[in-house]
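**Student:** Input file: upload.cif. Contents: mmCIF, C-alpha atoms and all ligand atoms.
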data_run
loop_
_atom_site.group_PDB
_atom_site.id
_atom_site.type_symbol
_atom_site.label_atom_id
_atom_site.label_comp_id
_atom_site.auth_asym_id
_atom_site.auth_seq_id
_atom_site.Cartn_x
_atom_site.Cartn_y
_atom_site.Cartn_z
ATOM 1 C CA MET A 96 -33.212 -0.404 16.668
ATOM 2 C CA LYS A 97 -32.772 -3.675 18.518
ATOM 3 C CA LEU A 98 -30.007 -6.073 17.528
ATOM 4 C CA THR A 99 -28.838 -9.543 18.446
ATOM 5 C CA LEU A 100 -25.058 -9.792 18.283
ATOM 6 C CA HIS A 101 -23.042 -13.009 18.158
ATOM 7 C CA ILE A 102 -19.497 -11.964 19.068
ATOM 8 C CA TRP A 103 -16.318 -14.086 19.137
ATOM 9 C CA ARG A 104 -14.973 -14.065 22.689
ATOM 10 C CA GLN A 105 -11.533 -15.508 23.390
ATOM 11 C CA LYS A 106 -9.577 -14.818 26.564
ATOM 12 C CA ASP A 107 -6.129 -15.136 24.995
ATOM 13 C CA ALA A 108 -4.228 -16.866 22.207
ATOM 14 C CA LYS A 109 -4.118 -20.195 24.067
ATOM 15 C CA SER A 110 -7.745 -20.359 25.249
ATOM 16 C CA PRO A 111 -10.521 -21.723 23.047
ATOM 17 C CA GLY A 112 -12.954 -19.106 21.758
ATOM 18 C CA LYS A 113 -16.699 -19.171 21.146
ATOM 19 C CA LEU A 114 -19.503 -16.976 19.837
ATOM 20 C CA VAL A 115 -21.416 -15.281 22.663
ATOM 21 C CA ARG A 116 -24.915 -13.835 22.167
ATOM 22 C CA TYR A 117 -25.729 -10.260 23.266
ATOM 23 C CA GLU A 118 -28.991 -8.338 22.943
ATOM 24 C CA LEU A 119 -28.586 -4.595 22.358
ATOM 25 C CA ASP A 120 -31.482 -2.090 22.458
ATOM 26 C CA ASP A 121 -31.708 1.547 21.341
ATOM 27 C CA VAL A 122 -29.017 1.379 18.662
ATOM 28 C CA ASN A 123 -29.063 4.680 16.791
ATOM 29 C CA GLU A 124 -28.844 4.394 12.990
ATOM 30 C CA HIS A 125 -26.323 7.270 12.937
ATOM 31 C CA MET A 126 -23.824 5.364 15.072
ATOM 32 C CA SER A 127 -20.813 3.838 13.397
ATOM 33 C CA PHE A 128 -20.372 0.102 13.854
ATOM 34 C CA LEU A 129 -17.551 0.726 16.340
ATOM 35 C CA GLU A 130 -19.688 3.201 18.317
ATOM 36 C CA MET A 131 -22.317 0.499 18.560
ATOM 37 C CA LEU A 132 -19.661 -1.783 20.093
ATOM 38 C CA ASP A 133 -18.662 1.065 22.451
ATOM 39 C CA VAL A 134 -22.270 1.165 23.703
ATOM 40 C CA LEU A 135 -22.265 -2.595 24.221
ATOM 41 C CA ASN A 136 -18.969 -2.339 26.129
ATOM 42 C CA GLU A 137 -20.321 0.425 28.391
ATOM 43 C CA GLN A 138 -23.212 -1.856 29.284
ATOM 44 C CA LEU A 139 -20.901 -4.829 29.896
ATOM 45 C CA VAL A 140 -18.632 -2.740 32.156
ATOM 46 C CA ALA A 141 -21.677 -1.448 34.077
ATOM 47 C CA LYS A 142 -22.671 -5.074 34.715
ATOM 48 C CA GLY A 143 -19.137 -5.950 35.866
ATOM 49 C CA GLU A 144 -18.404 -8.041 32.764
ATOM 50 C CA GLU A 145 -15.310 -7.947 30.536
ATOM 51 C CA PRO A 146 -15.720 -5.555 27.578
ATOM 52 C CA VAL A 147 -15.193 -6.908 24.064
ATOM 53 C CA ALA A 148 -11.626 -6.229 22.867
ATOM 54 C CA PHE A 149 -11.377 -4.888 19.308
ATOM 55 C CA ASP A 150 -8.777 -2.901 17.373
ATOM 56 C CA HIS A 151 -9.368 0.704 16.313
ATOM 57 C CA ASP A 152 -7.516 4.003 16.139
ATOM 58 C CA CYS A 153 -8.352 6.771 13.643
ATOM 59 C CA ARG A 154 -11.970 5.727 12.996
ATOM 60 C CA GLU A 155 -11.645 7.629 9.709
ATOM 61 C CA GLY A 156 -10.577 4.867 7.312
ATOM 62 C CA ILE A 157 -6.924 5.891 7.420
ATOM 63 C CA CYS A 158 -4.933 3.844 9.919
ATOM 64 C CA GLY A 159 -5.866 0.259 9.011
ATOM 65 C CA MET A 160 -6.445 -0.798 12.634
ATOM 66 C CA CYS A 161 -10.126 -1.777 12.563
ATOM 67 C CA SER A 162 -10.537 -5.411 11.628
ATOM 68 C CA LEU A 163 -13.899 -7.112 12.103
ATOM 69 C CA VAL A 164 -15.507 -9.840 10.033
ATOM 70 C CA ILE A 165 -19.197 -8.913 9.978
ATOM 71 C CA ASN A 166 -21.618 -11.621 8.873
ATOM 72 C CA GLY A 167 -18.710 -13.349 7.143
ATOM 73 C CA ILE A 168 -17.370 -10.288 5.287
ATOM 74 C CA PRO A 169 -14.170 -8.500 6.360
ATOM 75 C CA HIS A 170 -15.077 -4.826 7.013
ATOM 76 C CA GLY A 171 -18.772 -5.652 6.545
ATOM 77 C CA PRO A 172 -21.236 -5.392 3.678
ATOM 78 C CA ASP A 173 -20.281 -2.041 2.072
ATOM 79 C CA ARG A 174 -17.678 -2.060 -0.717
ATOM 80 C CA GLY A 175 -14.668 0.216 -0.374
ATOM 81 C CA THR A 176 -15.436 0.897 3.287
ATOM 82 C CA THR A 177 -13.511 0.207 6.478
ATOM 83 C CA VAL A 178 -15.510 -1.122 9.410
ATOM 84 C CA CYS A 179 -14.985 2.173 11.275
ATOM 85 C CA GLN A 180 -16.833 3.939 8.438
ATOM 86 C CA LEU A 181 -19.713 1.482 8.376
ATOM 87 C CA HIS A 182 -22.908 2.918 9.866
ATOM 88 C CA MET A 183 -25.745 1.195 11.676
ATOM 89 C CA ARG A 184 -28.286 2.500 9.133
ATOM 90 C CA ARG A 185 -26.912 -0.307 6.932
ATOM 91 C CA PHE A 186 -28.719 -2.748 9.257
ATOM 92 C CA ARG A 187 -32.386 -3.205 10.190
ATOM 93 C CA ASP A 188 -34.282 -3.465 13.438
ATOM 94 C CA GLY A 189 -34.199 -7.062 14.677
ATOM 95 C CA ASP A 190 -31.086 -8.058 12.685
ATOM 96 C CA GLU A 191 -28.746 -10.750 13.977
ATOM 97 C CA ILE A 192 -25.100 -9.837 13.363
ATOM 98 C CA THR A 193 -22.115 -12.168 13.709
ATOM 99 C CA ILE A 194 -18.815 -10.448 14.543
ATOM 100 C CA GLU A 195 -15.536 -12.376 14.299
ATOM 101 C CA PRO A 196 -11.807 -11.587 14.094
ATOM 102 C CA TRP A 197 -9.676 -11.903 10.923
ATOM 103 C CA ARG A 198 -8.965 -15.619 10.573
ATOM 104 C CA ALA A 199 -5.552 -16.665 9.206
ATOM 105 C CA ARG A 200 -2.716 -18.764 10.605
ATOM 106 C CA ALA A 201 -0.328 -15.825 10.135
ATOM 107 C CA PHE A 202 -2.690 -13.572 12.183
ATOM 108 C CA PRO A 203 -3.085 -15.392 15.541
ATOM 109 C CA VAL A 204 -5.899 -14.181 17.807
ATOM 110 C CA VAL A 205 -4.609 -12.095 20.723
ATOM 111 C CA ARG A 206 -7.948 -11.605 22.466
ATOM 112 C CA ASP A 207 -11.609 -11.532 21.343
ATOM 113 C CA LEU A 208 -11.595 -9.639 18.016
ATOM 114 C CA ILE A 209 -7.931 -8.560 18.075
ATOM 115 C CA VAL A 210 -5.373 -10.458 15.998
ATOM 116 C CA ASP A 211 -1.605 -10.080 15.812
ATOM 117 C CA ARG A 212 -0.796 -8.468 12.451
ATOM 118 C CA SER A 213 2.941 -8.064 13.109
ATOM 119 C CA ALA A 214 3.594 -10.424 10.151
ATOM 120 C CA PHE A 215 2.797 -7.375 7.973
ATOM 121 C CA ASP A 216 5.413 -5.357 9.878
ATOM 122 C CA ARG A 217 8.030 -8.048 9.193
ATOM 123 C CA ILE A 218 7.214 -7.923 5.470
ATOM 124 C CA MET A 219 7.581 -4.124 5.489
ATOM 125 C CA GLN A 220 10.856 -4.336 7.412
ATOM 126 C CA ALA A 221 12.191 -6.745 4.756
ATOM 127 C CA GLY A 222 11.853 -4.245 1.910
ATOM 128 C CA GLY A 223 9.061 -1.721 2.291
ATOM 129 C CA PHE A 224 11.313 1.319 2.119
ATOM 130 C CA ILE A 225 13.596 3.230 -0.255
ATOM 131 C CA SER A 226 17.321 3.891 0.251
ATOM 132 C CA GLN A 227 17.281 7.167 -1.691
ATOM 133 C CA ASN A 228 17.557 10.382 0.291
ATOM 134 C CA THR A 229 14.769 12.430 -1.258
ATOM 135 C CA GLY A 230 15.550 15.601 0.691
ATOM 136 C CA SER A 231 12.684 17.763 1.833
ATOM 137 C CA ALA A 232 9.229 17.760 0.250
ATOM 138 C CA PRO A 233 10.023 20.475 -2.354
ATOM 139 C CA ASP A 234 13.162 18.534 -3.464
ATOM 140 C CA ALA A 235 11.136 15.381 -4.028
ATOM 141 C CA ASN A 236 8.662 17.347 -6.103
ATOM 142 C CA THR A 237 11.367 18.631 -8.484
ATOM 143 C CA LEU A 238 11.673 15.192 -10.075
ATOM 144 C CA PRO A 239 9.309 14.940 -13.069
ATOM 145 C CA ILE A 240 7.031 11.883 -12.939
ATOM 146 C CA SER A 241 4.413 11.089 -15.550
ATOM 147 C CA LYS A 242 0.799 11.539 -14.475
ATOM 148 C CA GLU A 243 0.064 7.880 -15.316
ATOM 149 C CA ASP A 244 2.850 6.650 -13.037
ATOM 150 C CA ALA A 245 1.995 9.101 -10.251
ATOM 151 C CA ASP A 246 -1.681 8.095 -10.366
ATOM 152 C CA ALA A 247 -0.880 4.372 -10.387
ATOM 153 C CA ALA A 248 1.600 4.735 -7.510
ATOM 154 C CA PHE A 249 -0.961 6.682 -5.545
ATOM 155 C CA ASP A 250 -3.630 4.019 -6.120
ATOM 156 C CA ALA A 251 -1.331 1.320 -4.709
ATOM 157 C CA ALA A 252 -0.144 3.594 -1.889
ATOM 158 C CA ALA A 253 -3.742 3.846 -0.695
ATOM 159 C CA CYS A 254 -3.294 0.423 0.986
ATOM 160 C CA ILE A 255 -3.707 0.945 4.732
ATOM 161 C CA GLY A 256 -2.323 -2.460 5.709
ATOM 162 C CA CYS A 257 -5.534 -3.611 7.355
ATOM 163 C CA GLY A 258 -5.259 -7.279 6.356
ATOM 164 C CA ALA A 259 -8.839 -7.704 5.113
ATOM 165 C CA CYS A 260 -7.424 -9.194 1.904
ATOM 166 C CA VAL A 261 -5.843 -11.981 3.974
ATOM 167 C CA ALA A 262 -9.018 -12.554 5.982
ATOM 168 C CA ALA A 263 -11.159 -12.843 2.839
ATOM 169 C CA CYS A 264 -8.849 -15.158 0.895
ATOM 170 C CA PRO A 265 -9.551 -18.924 1.158
ATOM 171 C CA ASN A 266 -5.752 -19.392 1.101
ATOM 172 C CA ALA A 267 -5.116 -16.570 3.621
ATOM 173 C CA SER A 268 -2.842 -15.020 1.023
ATOM 174 C CA ALA A 269 -1.229 -11.634 1.646
ATOM 175 C CA MET A 270 -0.425 -11.088 -2.015
ATOM 176 C CA LEU A 271 -2.666 -8.042 -2.521
ATOM 177 C CA PHE A 272 -1.064 -6.238 0.418
ATOM 178 C CA VAL A 273 2.496 -7.140 -0.632
ATOM 179 C CA ALA A 274 1.790 -6.344 -4.284
ATOM 180 C CA ALA A 275 0.411 -2.923 -3.358
ATOM 181 C CA LYS A 276 3.473 -2.092 -1.258
ATOM 182 C CA ILE A 277 5.985 -3.359 -3.841
ATOM 183 C CA GLY A 278 3.977 -1.662 -6.579
ATOM 184 C CA HIS A 279 3.792 1.809 -5.162
ATOM 185 C CA LEU A 280 7.469 1.956 -4.182
ATOM 186 C CA SER A 281 8.755 0.509 -7.456
ATOM 187 C CA MET A 282 6.540 2.698 -9.622
ATOM 188 C CA LEU A 283 8.419 5.876 -8.713
ATOM 189 C CA PRO A 284 12.044 6.724 -9.674
ATOM 190 C CA GLN A 285 13.073 7.042 -6.013
ATOM 191 C CA GLY A 286 12.118 3.416 -5.430
ATOM 192 C CA LYS A 287 13.862 2.005 -8.512
ATOM 193 C CA PRO A 288 17.398 1.336 -7.159
ATOM 194 C CA GLU A 289 16.362 -1.671 -5.085
ATOM 195 C CA GLU A 290 13.199 -2.736 -6.909
ATOM 196 C CA TYR A 291 14.329 -6.331 -7.537
ATOM 197 C CA ARG A 292 15.924 -6.797 -4.126
ATOM 198 C CA ARG A 293 12.726 -5.408 -2.592
ATOM 199 C CA ALA A 294 10.483 -7.794 -4.554
ATOM 200 C CA ARG A 295 12.561 -10.806 -3.503
ATOM 201 C CA ALA A 296 12.834 -9.757 0.140
ATOM 202 C CA MET A 297 9.153 -8.898 0.630
ATOM 203 C CA VAL A 298 7.828 -11.994 -1.134
ATOM 204 C CA ASP A 299 10.255 -14.203 0.820
ATOM 205 C CA ALA A 300 9.171 -12.540 4.090
ATOM 206 C CA MET A 301 5.526 -13.096 3.132
ATOM 207 C CA ASP A 302 6.183 -16.815 2.551
ATOM 208 C CA ALA A 303 8.162 -17.100 5.798
ATOM 209 C CA ALA A 304 5.254 -15.575 7.737
ATOM 210 C CA GLY A 305 2.980 -18.449 6.676
ATOM 211 C CA PHE A 306 0.590 -16.724 4.271
ATOM 212 C CA GLY A 307 -0.872 -18.828 1.453
ATOM 213 C CA ASN A 308 -0.613 -18.267 -2.269
ATOM 214 C CA CYS A 309 -2.998 -16.532 -4.633
ATOM 215 C CA SER A 310 -5.200 -18.876 -6.658
ATOM 216 C CA ASN A 311 -7.294 -16.155 -8.317
ATOM 217 C CA HIS A 312 -10.407 -16.081 -6.129
ATOM 218 C CA TYR A 313 -10.437 -12.240 -6.241
ATOM 219 C CA GLU A 314 -11.960 -12.130 -2.752
ATOM 220 C CA CYS A 315 -9.154 -9.765 -1.692
ATOM 221 C CA GLU A 316 -10.148 -7.155 -4.262
ATOM 222 C CA ALA A 317 -13.834 -7.517 -3.308
ATOM 223 C CA VAL A 318 -13.233 -6.632 0.358
ATOM 224 C CA CYS A 319 -10.338 -4.174 0.086
ATOM 225 C CA PRO A 320 -11.524 -0.916 1.659
ATOM 226 C CA LYS A 321 -9.219 0.999 -0.692
ATOM 227 C CA GLU A 322 -10.391 -0.965 -3.760
ATOM 228 C CA ILE A 323 -6.903 -2.042 -4.771
ATOM 229 C CA GLY A 324 -7.064 -4.203 -7.897
ATOM 230 C CA VAL A 325 -5.652 -7.702 -8.357
ATOM 231 C CA ASP A 326 -3.694 -6.473 -11.392
ATOM 232 C CA TRP A 327 -1.067 -5.381 -8.848
ATOM 233 C CA ILE A 328 -0.538 -9.068 -8.012
ATOM 234 C CA ALA A 329 0.272 -9.841 -11.665
ATOM 235 C CA ARG A 330 2.782 -6.961 -11.689
ATOM 236 C CA MET A 331 4.364 -8.266 -8.485
ATOM 237 C CA ASN A 332 4.649 -11.792 -9.902
ATOM 238 C CA ARG A 333 6.388 -10.468 -13.026
ATOM 239 C CA LYS A 334 8.789 -8.417 -10.918
ATOM 240 C CA TYR A 335 9.540 -11.365 -8.614
ATOM 241 C CA LEU A 336 10.208 -13.628 -11.601
ATOM 242 C CA ARG A 337 12.603 -11.103 -13.099
ATOM 243 C CA ALA A 338 14.242 -10.684 -9.696
ATOM 244 C CA THR A 339 14.766 -14.454 -9.472
ATOM 245 C CA PHE A 340 16.505 -14.555 -12.874
ATOM 246 C CA ARG A 341 18.695 -11.609 -11.886
ATOM 247 C CA LYS A 342 19.698 -13.409 -8.693
ATOM 248 C CA ARG A 343 20.773 -16.495 -10.646
ATOM 249 C CA ALA A 344 22.649 -14.466 -13.279
HETATM 250 S S1 LIG A 401 -4.618 -4.413 0.004
HETATM 251 FE FE1 LIG A 401 -6.586 -3.558 0.757
HETATM 252 S S2 LIG A 401 -7.407 -5.169 2.107
HETATM 253 FE FE2 LIG A 401 -5.235 -5.622 1.817
HETATM 254 S S3 LIG A 401 -4.152 -4.638 3.508
HETATM 255 FE FE3 LIG A 401 -4.171 -3.147 1.813
HETATM 256 S S4 LIG A 401 -6.014 -1.908 2.158
HETATM 257 FE FE4 LIG A 401 -6.260 -3.735 3.455
HETATM 258 S S1 LIG A 402 -9.929 2.688 12.791
HETATM 259 FE FE1 LIG A 402 -8.467 3.524 11.383
HETATM 260 S S2 LIG A 402 -9.076 2.668 9.490
HETATM 261 FE FE2 LIG A 402 -10.656 2.030 10.853
#
Kindly present the structure from the file in structure tokens form.

**Tutor:**
Amino acid sequence: MKLTLHIWRQKDAKSPGKLVRYELDDVNEHMSFLEMLDVLNEQLVAKGEEPVAFDHDCREGICGMCSLVINGIPHGPDRGTTVCQLHMRRFRDGDEITIEPWRARAFPVVRDLIVDRSAFDRIMQAGGFISQNTGSAPDANTLPISKEDADAAFDAAACIGCGACVAACPNASAMLFVAAKIGHLSMLPQGKPEEYRRARAMVDAMDAAGFGNCSNHYECEAVCPKEIGVDWIARMNRKYLRATFRKRA
């Protein structure tokens, strides 16, 4: 198929960016979206032009590195799918596709389609861990945990830290990401000792990084490739409130 691509090109964080038009022929419907960009980059390199910079690693929906806004939707049109798992058969011959980076003040553009997501690392460093020594894997498995709690913790733990929730939110809020991380650690007995300190520290780090607040648009849930629900945000808010009272007491 033949496509017209409009891709955000930006030399570095300080330079202004703009959408640049590219025509691409012979796109195979079995290619992934990132393979299609690989083909474009091969052609650009062959012509002596700068290839388009974009983030990727596992290309299996696991690592959270891929981060493209495709026709206005983070990770593209398919629900519950990372952009690395999106295939070109989702598009039609002659389509025009706009490709942009995540847009949020807390995620400054580094180059082209790559943004700096280290704000997420700072939130994790503030409290995204447990202090308990769980021993080896068999030791951890000797602790009985109800199936409901294990399933819920696993659902939240599916967050890959991609940041699509931030990119989709009109307030550039990181609350779905932070809620998922606080949720999965606090759900399990090993994560209980510091659950209130963790909630305070991670929410404070999120605010310090410049993310906005949730005002119930639900756009985060709609684009999350791991289909994490906004109910985790309500749980986080309750935990943070309790943590605030405990701090004052
Ligand atoms: S909550 Fe979903 S969209 Fe947000 S970082 Fe985690 S996986 Fe990505
Ligand atoms: S490249 Fe790893 S999730 Fe897409």

**Student:** Choose the residue, out of A:Ala338, A:Val273, A:Leu283, A:Ile328, that has the smallest atom-to-atom separation from Thr229 of chain A; count all atoms listed in the file.

**Tutor:**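 Once distances to Thr229 of chain A are computed over all atoms listed in the file, the minimum belongs to A:Leu283.
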
**Student:** Name the residues that the PyMOL selection byres (((not hetatm)) within 6 of (chain A and resi 402)) pulls out of this structure, and write them as a ChimeraX atom specification.

**Tutor:** /A:151-161,177-179

**Student:** Using the chain letters and numbering of this document, enumerate as a PyMOL selection string the residues selected by the PyMOL selection byres (((chain A and resi 296) around 12) and not hetatm).

**Tutor:** chain A and resi 217-224+273+277+289-295+297-303+334-335+338-339+342

**Student:** Evaluated on this file, the PyMOL selection byres (((not hetatm)) within 6 of (chain A and resi 401)) picks out some residues - which ones are they, written as an mmCIF file with C-alpha atoms, keeping the file's coordinate frame?

**Tutor:**
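part12.cif was written with the following content:
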data_model
loop_
_atom_site.group_PDB
_atom_site.id
_atom_site.type_symbol
_atom_site.label_atom_id
_atom_site.label_comp_id
_atom_site.auth_asym_id
_atom_site.auth_seq_id
_atom_site.Cartn_x
_atom_site.Cartn_y
_atom_site.Cartn_z
ATOM 1 C CA CYS A 254 -3.294 0.423 0.986
ATOM 2 C CA ILE A 255 -3.707 0.945 4.732
ATOM 3 C CA GLY A 256 -2.323 -2.460 5.709
ATOM 4 C CA CYS A 257 -5.534 -3.611 7.355
ATOM 5 C CA GLY A 258 -5.259 -7.279 6.356
ATOM 6 C CA ALA A 259 -8.839 -7.704 5.113
ATOM 7 C CA CYS A 260 -7.424 -9.194 1.904
ATOM 8 C CA LEU A 271 -2.666 -8.042 -2.521
ATOM 9 C CA PHE A 272 -1.064 -6.238 0.418
ATOM 10 C CA CYS A 319 -10.338 -4.174 0.086
ATOM 11 C CA PRO A 320 -11.524 -0.916 1.659
ATOM 12 C CA LYS A 321 -9.219 0.999 -0.692
ATOM 13 C CA ILE A 323 -6.903 -2.042 -4.771
#

**Student:** Looking at A:Thr237, A:Thr193, A:Ser213, A:Asn266, which one is nearest to Asn308 of chain A, with distances taken over all atoms listed in the file?

**Tutor:**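 For Asn308 of chain A, the nearest of the candidates is A:Asn266.
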
**Student:** Between A:Phe306, A:Pro196, A:Arg337, A:Ala251, single out the one closest to Val325 of chain A, counting all atoms listed in the file.

**Tutor:** A:Ala251

**Student:** When distances are computed from all atoms listed in the file, which of A:Ala253, A:Met96, A:Leu336, A:Val210 shows the smallest separation from Arg187 of chain A?

**Tutor:**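 Looking only at the distances to Arg187 of chain A, the closest residue turns out to be A:Met96.
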
**Student:** Can you list every residue of segment 141-244 of chain A that has an atom at most 10 Å from segment 125-132 of chain A, with its nearest atom pair and the distance in Å to one decimal, using all atoms listed in the file, ordered by chain then number, as CSV?

**Tutor:**
residue,atom,partner,partner_atom,distance
A:Pro146,CA,A:Leu132,CA,9.3
A:Val147,CA,A:Leu132,CA,7.9
A:Ala148,CA,A:Leu132,CA,9.6
A:Phe149,CA,A:Leu129,CA,8.9
A:Asp150,CA,A:Leu129,CA,9.6
A:His151,CA,A:Leu129,CA,8.2
A:Arg154,CA,A:Leu129,CA,8.2
A:Cys161,CA,A:Leu129,CA,8.7
A:Leu163,CA,A:Leu129,CA,9.6
A:Ile165,CA,A:Phe128,CA,9.9
A:His170,CA,A:Phe128,CA,10.0
A:Gly171,CA,A:Phe128,CA,9.4
A:Val178,CA,A:Phe128,CA,6.7
A:Cys179,CA,A:Leu129,CA,5.9
A:Gln180,CA,A:Ser127,CA,6.4
A:Leu181,CA,A:Ser127,CA,5.7
A:His182,CA,A:Ser127,CA,4.2
A:Met183,CA,A:Met126,CA,5.7
A:Arg184,CA,A:His125,CA,6.4
A:Arg185,CA,A:Phe128,CA,9.5
A:Phe186,CA,A:Phe128,CA,9.9
